[in-house]
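Below: the structure, in structure tokens.
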Amino acid sequence: MAAFLVVLGKLSLLGTLLTGLLLLVRPWLHSKRVCYYLWLLVLARLCLPVGISLPVPTLPEPAVNQTQVTLPHTSTPEHTFEMQIPAAEGETVLQAAPETPQAQAVGWLALMTDPMLWFVLWAGGVLVCLGRYGWGYSRFSALVRKTAAPAPQEAQQILEKCAPRRRIALVECPHVSTPMLLGVMHPTIVLPEGVAPHQLGDILAHELTHARRHDLLYKWLTAAITSLHWFNPLMVVVRQEVARSCELACDEAVIRRLDGPGRRHYGETLLTLAAQAPRGIGILTTTLCEEKQQLKERLVLIMKGTNRRPAAFAATVALALLLTGCAAISGIAPHSSVPSEEDTLLDNPVLYEIGEGLTIAIPRDLSPQLLIEEPEEDEILFTVYEKRSFDLSPGAGWIFSLARWDQIRYESYLTADGSGVFPFAQKDGWYYVWLHPTDVQVMPPDPTAPVSTEEEYWIAWETLNRRLPQEVRPDFIARNGLQPYDDSMYFHDGTVWEGTHCYVRYGNEPWEISMTLLLSQPVRQGEGGIWCVEGWVDNPYGNYYTVLPLNTGMTAADYYEKLQQQADEGHQPGLLDPVQAAAQWLQDYYEDSLTISMDHITLLEGEPAWNIYFRRMQPILSQPGTLQALTYENGQKTQVETYDLPLPDLPFWSKVWINVNAPASLNGKAVLYTATDGNELVFLEEGGLVGITREGSTDWYAYAYPYNASPYQVMYDICQS
């Protein structure tokens with residue numbers, strides 16, 4: 001429901017913009033017929049949620065904090081999977097106690113933001129608008145049918161001469177004061193009483209042109225679509241402009257076949273009929289003279305004729321193409337753009353040389369509030385404090401430190417919880433890390449100070465924690481020729497080591513411990529290559545842990561290369577078998593607290609899909625989208641039911657997944673989730689398979705274990721909730 005209302009509002013806004021553009025270029029459109037039919041673009045834009053998205057560059061991304069995923073009743077792991085959550089760099093430092101809202105206020109807020117309420121209001125407005133048009137038209141047409149009489153014989157003869165093969169009725173009614181056309185399926189020309197015989201030719205030529213072009217259908221379409229957007233005041237203008245353009249285009253078509261005297265006679269007929277104000281429902285009828293205000297414009301057109309010069313024709317074609325292109329735009333598609341060095345460098349900053357040929361820049365307007373320290377520790381290059389807090393208590397007011405890590409120190413970070421650490425740049429094997437506090441570091445202001453002073457103090461503190469990471473980090477990267485940090489240079493499709501992987505499950509006899517180990521061959525693939533544990537999952541809770549050899553004095557790659565050499569020399573043969581390698585790691589991990597039995601270790605079938613939920617599923621499920629329960633019959637969707645409801649927290653993140661082959665064909669029950677960007681997740685009942693479609697390519701996955709509920713059952717239960 002909410003998604004529908006958002007789309008409706010978007011279409012209304014796009015239609016408004018296109019209407020304004022058409023009104024702006026209308027004076028330069030020399031063909032009235034082209035202008036008339038260009039209003040169809042506005043109507044299409046108001047009702048069709050399709051089109052192209054205009055690419056625009058995005059704003060710079062805000063700073064990110066790495067937040068540890070934790071679950072209740074679990075101890076802090078050696079390393080957990082980390083998600084990057086956009087936030088201002090200091091928001092984790094200050095956490096004000098939330099105010100308890102009043103229950104009544106919350107109730108009113110929930111009511112006013114309920115999509116169902118606004119949908120009902122919108123639907124009610126649509127029914128009122130359409131009902132008003134339908135009721136008015138039915139009353140007027142009933143009156144005409146009741147009081148109309150066949151037109152005089154002379155008029156019938158002129159109609160037969162003008163339209164010998166067209167089956168159209170001609171009547172005379174005392175309740176109309178100007179000629180008009182009624183009826184979409186069975187058109188009828190209605191004449192007022194007392195029309196002069198010499199005017200009948202002009203009148204019938206005009207109304208027959210309306211009938212030939214199906215202008216009544218056009219007007220009904222206009223009434224229906226603008227009724228969908230009844231809340232938009234510009235819809236009145238759209239209806240008026242369509243009616244106005246309709247008459248001008250009709251006049252243009254009629255006078256194209258007339259000479260000078262004929263156009264003069266046609267204009268005189270128009271003037272005569274304009275002497276009396278017309279009665280009727282103009283939006284759903286066509287009349288020879290609908291509004292006196294348009295009379296002058298129509299007479300000028302009649303006397304001058306149409307402009308057929310090549311320049312006028314070219315201008316009309318160019319403007320029509322411009323409006324068509326604008327109508328095809330359905331929105332904007334933000335895309336990331338890499339800022340140039342000139343965009344990221346600070347203007348007139350305070351510069352600090354911090355060794356190793358590096359320079360860090362601090363915004364000059366913030367510098368008086370800061371205390372700068374250049375520690376003597378090897379890995380810490382630069383530390384910044386808030387000066388007032390530091391003066392009150394030395395060491396307080398810490399905002400950030402800049403560290404430089406080598407590969408060994410970086411790998412140690414990967415196996416830790418990662419709190420207060422943000423790698424943001426790298427080059428030549430070095431990683432540049434932004435260290436920030438995870439608790440409050442600012443000293444409170446003087447309790448006797450005025451409230452306004454206290455508010456200014458906290459605003460200044462929050463400003464420092466927001467602006468410093470946003471401005472200093474990009475400048476540091478550009479000024480020193482570094483590369484932005486990207487962990488994909490170390491991780492490959494979620495794993496540390498490329499090549500062959502396998503899952504090994506371990507559970508002790510009382511089943512107090514249940515874990516799934518991810519093993520890989522870091523040096524050599526296939527026979528003769530050693531196996532290592534590079535990660536594991538705590539099965540009851542789903543926490544992910546990264547495993548790397550620590551305290552070896554060398555990088556993981558060098559350490560495993562050394563082990564491979566030992567295995568080649570006949571030492572540690574157990575590392576050549578994944579089950580034995582897993583048992584050895586488990587024994588080292590639990591040391592003397594647990595005896596590992598080989599009977600409790602099982603090699604699982606299937607290629608591991610390590611951490612597939614956060615890497616592939618969550619980016620799709622986190623978007624607004626459409627949820628459908630359906631049945632596939634040889635790949636075709638049948639029995640489709642669509643649900644408009646938010647997705648709750650899904651349990652898929654805590655499960656162990658494997659890659660599987662695609663099914664031969666899609667058959668049976670399924671649940672389909674389609675995100676706004678077009679990517680999809682399909683959950684099949686048969687086999688518990690899950691297909692992830694990204695950028696037109698679909699990969700298939702399944703649980704590595706027979707969990708209690710299949711992925712399909714989880715999603716189907718959500719649909720039925």
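Ligands are numbered from 1 in the order shown, residues from 1 within each chain, and chains are lettered A, B, ... in the order they appear in the structure tokens.
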Nearby residues (only C-alpha atoms) at most 10 Å from Gln636 in chain A, same-chain spacing under 6 positions excluded, as an mmCIF file with C-alpha atoms, in the first residue's frame:
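Saved the output as part_3.cif:
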data_model
loop_
_atom_site.group_PDB
_atom_site.id
_atom_site.type_symbol
_atom_site.label_atom_id
_atom_site.label_comp_id
_atom_site.auth_asym_id
_atom_site.auth_seq_id
_atom_site.Cartn_x
_atom_site.Cartn_y
_atom_site.Cartn_z
ATOM 1 C CA LEU A 630 2.818 -18.158 -6.816
ATOM 2 C CA SER A 665 12.814 -25.967 -14.971
ATOM 3 C CA LEU A 666 10.793 -23.979 -12.491
ATOM 4 C CA ASN A 667 7.815 -25.959 -11.250
#
Excluding Ile596 in chain A and any residue of its chain fewer than 3 positions from it, enumerate the residues within 12 Å of it, using only C-alpha atoms, and give them as a ChimeraX atom specification. /A:506-509,513,579-580,582-593,599-601
Next, write the just-selected residues to a file, as an mmCIF file, in the first residue's frame, keeping C-alpha atoms as the atom set.
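What ended up in again-v3.cif:
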data_model
loop_
_atom_site.group_PDB
_atom_site.id
_atom_site.type_symbol
_atom_site.label_atom_id
_atom_site.label_comp_id
_atom_site.auth_asym_id
_atom_site.auth_seq_id
_atom_site.Cartn_x
_atom_site.Cartn_y
_atom_site.Cartn_z
ATOM 1 C CA TYR A 506 31.637 -30.670 14.464
ATOM 2 C CA GLY A 507 29.375 -31.463 17.406
ATOM 3 C CA ASN A 508 30.419 -32.987 20.727
ATOM 4 C CA GLU A 509 28.524 -35.822 22.406
ATOM 5 C CA ILE A 513 29.008 -27.443 20.937
ATOM 6 C CA VAL A 579 38.707 -33.663 8.276
ATOM 7 C CA GLN A 580 42.054 -34.232 10.016
ATOM 8 C CA ALA A 582 39.713 -29.579 11.127
ATOM 9 C CA ALA A 583 40.343 -31.944 14.066
ATOM 10 C CA GLN A 584 43.828 -30.509 14.618
ATOM 11 C CA TRP A 585 42.490 -26.946 14.577
ATOM 12 C CA LEU A 586 39.694 -27.837 17.008
ATOM 13 C CA GLN A 587 42.153 -29.414 19.420
ATOM 14 C CA ASP A 588 44.368 -26.319 19.286
ATOM 15 C CA TYR A 589 41.333 -24.028 19.693
ATOM 16 C CA TYR A 590 39.971 -25.810 22.789
ATOM 17 C CA GLU A 591 43.462 -26.736 24.066
ATOM 18 C CA ASP A 592 43.139 -29.080 27.063
ATOM 19 C CA SER A 593 39.502 -28.215 27.867
ATOM 20 C CA ASP A 599 33.485 -39.595 15.181
ATOM 21 C CA HIS A 600 31.921 -36.182 15.757
ATOM 22 C CA ILE A 601 33.488 -34.562 12.678
#
List every residue of range 536-592 of chain A that DSSP, applied to the backbone of this structure, places in strand (DSSP E or B), and write the result as a list in words.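 Answer for range 536-592 of chain A, restricted to strand (DSSP E or B): Trp536, Val537, Asp538, Asn543, Tyr544, Tyr545 and Thr546 of chain A.
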Please provide as a PDB file with C-alpha atoms, in the first residue's frame all residues within 12 Å of Leu345 in chain A, with the sequence filter that same-chain residues fewer than 3 positions apart are discarded (counting only C-alpha atoms).
ATOM      1  CA  PRO A 339      35.605  13.014  -6.734  1.00  0.00           C
ATOM      2  CA  SER A 340      38.685  14.609  -8.212  1.00  0.00           C
ATOM      3  CA  GLU A 341      41.634  15.586  -6.089  1.00  0.00           C
ATOM      4  CA  GLU A 342      40.573  19.232  -6.299  1.00  0.00           C
ATOM      5  CA  ASN A 348      43.517  26.565   3.314  1.00  0.00           C
ATOM      6  CA  PRO A 349      43.841  23.892   6.041  1.00  0.00           C
ATOM      7  CA  VAL A 350      46.350  23.576   8.859  1.00  0.00           C
ATOM      8  CA  LEU A 351      48.976  21.050   7.699  1.00  0.00           C
ATOM      9  CA  THR A 359      50.844  15.016   5.543  1.00  0.00           C
ATOM     10  CA  ILE A 360      47.519  15.383   7.310  1.00  0.00           C
ATOM     11  CA  ALA A 361      45.278  18.448   6.954  1.00  0.00           C
ATOM     12  CA  ILE A 362      42.869  19.810   9.583  1.00  0.00           C
ATOM     13  CA  PRO A 363      40.132  22.335   8.683  1.00  0.00           C
ATOM     14  CA  GLN A 470      34.064  13.578   6.512  1.00  0.00           C
ATOM     15  CA  GLU A 471      36.694  16.164   5.570  1.00  0.00           C
ATOM     16  CA  VAL A 472      40.035  14.885   6.860  1.00  0.00           C
ATOM     17  CA  ARG A 473      39.918  11.336   5.479  1.00  0.00           C
ATOM     18  CA  PRO A 474      39.241  12.223   1.793  1.00  0.00           C
ATOM     19  CA  ASP A 475      41.856  14.959   1.970  1.00  0.00           C
ATOM     20  CA  PHE A 476      44.412  12.546   3.470  1.00  0.00           C
ATOM     21  CA  ILE A 477      43.820  10.030   0.668  1.00  0.00           C
ATOM     22  CA  ALA A 478      44.130  12.625  -2.103  1.00  0.00           C
ATOM     23  CA  ARG A 479      47.006  14.602  -0.560  1.00  0.00           C
ATOM     24  CA  ASN A 480      49.181  11.514  -0.067  1.00  0.00           C
ATOM     25  CA  GLY A 481      48.268   9.611  -3.222  1.00  0.00           C
TER      26      GLY A 481
END
Could you please write out, as a PyMOL selection string, every residue of range 322-509 of chain A that DSSP assigns to alpha helix (DSSP H)? chain A and resi 322-327+341-344+387-392+407-414+451-479
Residues as selected, C-alpha atoms, written as a compact mmCIF listing (two decimals), in the first residue's frame, can you do that?
# COMPACT_ATOMS: atom_id res chain seq x y z
CA LEU A 322 12.16 17.26 -26.60
CA LEU A 323 8.85 16.77 -24.79
CA THR A 324 8.75 13.09 -25.76
CA GLY A 325 12.21 12.59 -24.29
CA CYS A 326 11.24 14.39 -21.09
CA ALA A 327 8.08 12.29 -20.81
CA GLU A 341 41.63 15.59 -6.09
CA GLU A 342 40.57 19.23 -6.30
CA ASP A 343 37.14 18.32 -4.87
CA THR A 344 38.51 16.44 -1.85
CA LYS A 387 40.82 20.97 23.72
CA ARG A 388 38.33 22.03 26.41
CA SER A 389 37.80 18.47 27.61
CA PHE A 390 41.52 17.73 27.59
CA ASP A 391 42.21 20.86 29.66
CA LEU A 392 39.68 19.70 32.27
CA GLN A 407 49.82 -6.77 6.76
CA ILE A 408 50.40 -8.71 9.99
CA ARG A 409 48.68 -6.08 12.14
CA TYR A 410 45.82 -5.82 9.62
CA GLU A 411 45.22 -9.58 9.74
CA SER A 412 45.09 -9.38 13.53
CA TYR A 413 42.33 -6.78 13.17
CA LEU A 414 40.34 -9.15 10.93
CA VAL A 451 21.36 26.11 29.20
CA SER A 452 22.16 27.90 25.95
CA THR A 453 25.88 27.60 26.66
CA GLU A 454 25.54 23.88 27.38
CA GLU A 455 23.64 23.34 24.13
CA GLU A 456 26.32 25.19 22.18
CA TYR A 457 28.96 23.01 23.83
CA TRP A 458 27.31 19.76 22.74
CA ILE A 459 26.59 21.08 19.26
CA ALA A 460 30.28 21.97 18.88
CA TRP A 461 31.31 18.49 20.06
CA GLU A 462 28.98 16.75 17.65
CA THR A 463 30.16 19.01 14.82
CA LEU A 464 33.77 17.98 15.43
CA ASN A 465 32.88 14.28 15.39
CA ARG A 466 30.93 14.73 12.17
CA ARG A 467 33.15 17.02 10.14
CA LEU A 468 36.59 15.64 10.97
CA PRO A 469 36.06 12.18 9.42
CA GLN A 470 34.06 13.58 6.51
CA GLU A 471 36.69 16.16 5.57
CA VAL A 472 40.03 14.88 6.86
CA ARG A 473 39.92 11.34 5.48
CA PRO A 474 39.24 12.22 1.79
CA ASP A 475 41.86 14.96 1.97
CA PHE A 476 44.41 12.55 3.47
CA ILE A 477 43.82 10.03 0.67
CA ALA A 478 44.13 12.63 -2.10
CA ARG A 479 47.01 14.60 -0.56
Considering only C-alpha atoms, state which residue in the set A:Leu575, A:Ala149, A:Leu204, A:Ala320 is at the smallest distance from Trp39 in chain A.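 Ranked by minimum distance to Trp39 in chain A, first place goes to A:Ala320.
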Among A:Val171, A:Pro573, A:Pro150, A:Leu221, Leu130 in chain A is approached most closely, using only C-alpha atoms, by A:Leu221
Residues near range 139-147 of chain A, cut-off 9 Å, only C-alpha atoms, skip fewer than 5 positions along chain, as an NGL selection string: :A and (134 or 172-176 or 182-183 or 190 or 280-281)
Residue with smallest distance to Trp122 in chain A - pool A:Lys655, A:Arg364, A:Arg616, A:His229, counting only C-alpha atoms: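 Closest residue, counting only C-alpha atoms: A:His229.
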Distance of CA of Leu358 in chain A from CA of Lys427 in chain A, expressed in Å to one decimal place: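 Computing the Euclidean distance for CA of Lys427 in chain A and CA of Leu358 in chain A yields 12.2 Å.
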Just the residues within 8 Å of His436 in chain A, please, counting only C-alpha atoms, with nothing from its chain fewer than 6 positions along; format it as a list in words.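 The residues that qualify are Trp398, Ile399, Phe400, Ser401, Gly420 and Val421 of chain A.
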Dump as an mmCIF file, in the first residue's frame, selection limited to C-alpha atoms:
data_model
loop_
_atom_site.group_PDB
_atom_site.id
_atom_site.type_symbol
_atom_site.label_atom_id
_atom_site.label_comp_id
_atom_site.auth_asym_id
_atom_site.auth_seq_id
_atom_site.Cartn_x
_atom_site.Cartn_y
_atom_site.Cartn_z
ATOM 1 C CA TRP A 398 39.750 11.986 22.405
ATOM 2 C CA ILE A 399 38.186 12.229 18.936
ATOM 3 C CA PHE A 400 40.395 10.072 16.722
ATOM 4 C CA SER A 401 43.832 8.649 16.077
ATOM 5 C CA GLY A 420 36.333 1.563 17.171
ATOM 6 C CA VAL A 421 38.362 0.715 14.050
#
